[in-house]
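All remarks here apply to the structure that follows.
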Amino acid sequence: MDLRQDALQILKETSRTFYIPISILPSNLQEAVASAYLCMRAIDEIEDHAELDNTTKAFLLRNISQTLQTGVDGFAVDAFHLGFQGYEDYLPEVSLRVREWSILAPETIAPRIWDATAAMADRMAFWAERNWQVETESDLDSYTFGVAGAVGLLLSDLWSWYDGTQTNRTEAIAFGRGLQAVNILRNHGEDLTRGVSFFPTGWDVGDLQKYARRNLVLADRYTNSLPPGPALQFCQIPLALAHGTLEALASGKEKLSRSDVYALIENFMRLNVKAV
């Protein structure tokens, strides 16, 4: 089995936002970014699971974190098995195959991905036990850093590892945080049905839109500072979709339609080809 091709197929099935930018990355960087994305998607699916209670989510997430922290040059075939035992029928394929995603990246950068995923899993466990109660803007900053801002930092490390690209790390955090804030706005109604709100006490949609826009300003600055190349190409698509989604929500739509998403991506690809 070709793990890289298999990973891209799972990626295509799980993310309309990130499949294309990852699929056009050059070899080695593609495996590294795909590994990072799928490892984090694996734990995200547990955090968002509709049938698992919060105590179980925290248990599973901490088991993944602890296993990732044992990695030296990879993981035994059954390394994650005990942590999943009894829940195999509940968890999606992307979660059950976290070991494979963890060994997809080149060995010179894989430990950084294990570290980032382990830390994020611990943070998700904390928030699950707290039932994601966000009471203040500081709480919101903490949550959006833990599940997205830290991803921005990891991406910056991946760019540096691949070709030496250096970035402003504060802006890298805002890149992830801004995308997450838009996701919170898009999923607000669905979150409320499960008794969760990421809006600080007293905040309304307008307040969170301002929070998202403030971070997206820095995200734009981050992206615009990137030199022509794979890092820039990767960041442009999700950032364009975040801006498009925010504008759609502000105009009263629930989210970008699938056709809107495809149009944004096709326009980017067309402009990118012309630039080359």
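If you're wondering about the labels, chains in the structure tokens are A, B, ... by order shown, residues count from 1 in each chain, ligands from 1 in order shown.
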Shell around segment 68-80 of chain A at 6 Å using only C-alpha atoms, local window under 2 positions removed, as a PyMOL selection string: chain A and resi 65-66+82-83+114+118
Residue contacts of Asp163 of chain A (10 Å, only C-alpha atoms) excluding same-chain residues fewer than 4 positions away, as a list of chain:residue names: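 Final neighbour list, sorted by chain and number: A:Leu29, A:Leu158, A:Trp159, A:Gly229, A:Pro230, A:Ala231.
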Residues just named, written with N, CA and C atoms as a CSV table (one decimal), in the first residue's frame:
```csv
chain,number,residue,atom,x,y,z
A,29,LEU,N,7.6,17.9,1.6
A,29,LEU,CA,6.7,18.9,2.3
A,29,LEU,C,5.3,18.4,2.3
A,158,LEU,N,7.4,24.0,9.7
A,158,LEU,CA,7.5,23.2,8.5
A,158,LEU,C,8.1,23.9,7.3
A,159,TRP,N,7.7,25.2,7.2
A,159,TRP,CA,8.2,26.0,6.1
A,159,TRP,C,9.7,26.2,6.3
A,229,GLY,N,6.2,30.5,-3.5
A,229,GLY,CA,6.6,29.2,-3.3
A,229,GLY,C,5.5,28.4,-2.6
A,230,PRO,N,5.8,27.2,-2.2
A,230,PRO,CA,4.8,26.3,-1.6
A,230,PRO,C,4.1,26.8,-0.4
A,231,ALA,N,4.8,27.5,0.5
A,231,ALA,CA,4.1,28.0,1.7
A,231,ALA,C,3.1,29.0,1.4
```
Proximity to Leu96 of chain A - best of A:Lys12, A:Arg214, A:Arg41, A:Arg112, only C-alpha atoms: A:Arg41
Computed interatomic separation between atom CA of Tyr87 of chain A and atom CA of Val134 of chain A (Å): 28.5 Å
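Between Arg194 of chain A and the residues A:Ala34, A:Thr56, A:Glu51, A:Ile64, the shortest atom-to-atom distance, using only C-alpha atoms, involves A:Glu51.
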Contact residues around Leu208 of chain A with only C-alpha atoms at 9 Å, ignoring same-chain residues under 3 positions, as a VMD selection string: chain A and resid 181 to 182 184 to 185 199 to 200 203 to 205 211 to 213
Atom-to-atom span, atom CA of Leu226 of chain A and atom CA of Glu247 of chain A, Å: 24.4 Å
Residue with smallest distance to Leu232 of chain A - pool A:Leu192, A:Met40, A:Val94, A:Ile24, counting only C-alpha atoms: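 Checking each candidate against Leu232 of chain A, we get A:Ile24 as the closest.
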Best match for closeness to Ala58 of chain A among A:Asp141, A:Asp6, A:Asp44, A:Asp122, counting only C-alpha atoms: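 Result for the nearest residue to Ala58 of chain A: A:Asp122.
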From A:Ile20, A:Leu91, A:Leu8, A:Ala121, residue lying nearest Leu61 of chain A [only C-alpha atoms]: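 Using only C-alpha atoms, Leu61 of chain A sits closest to A:Ala121.
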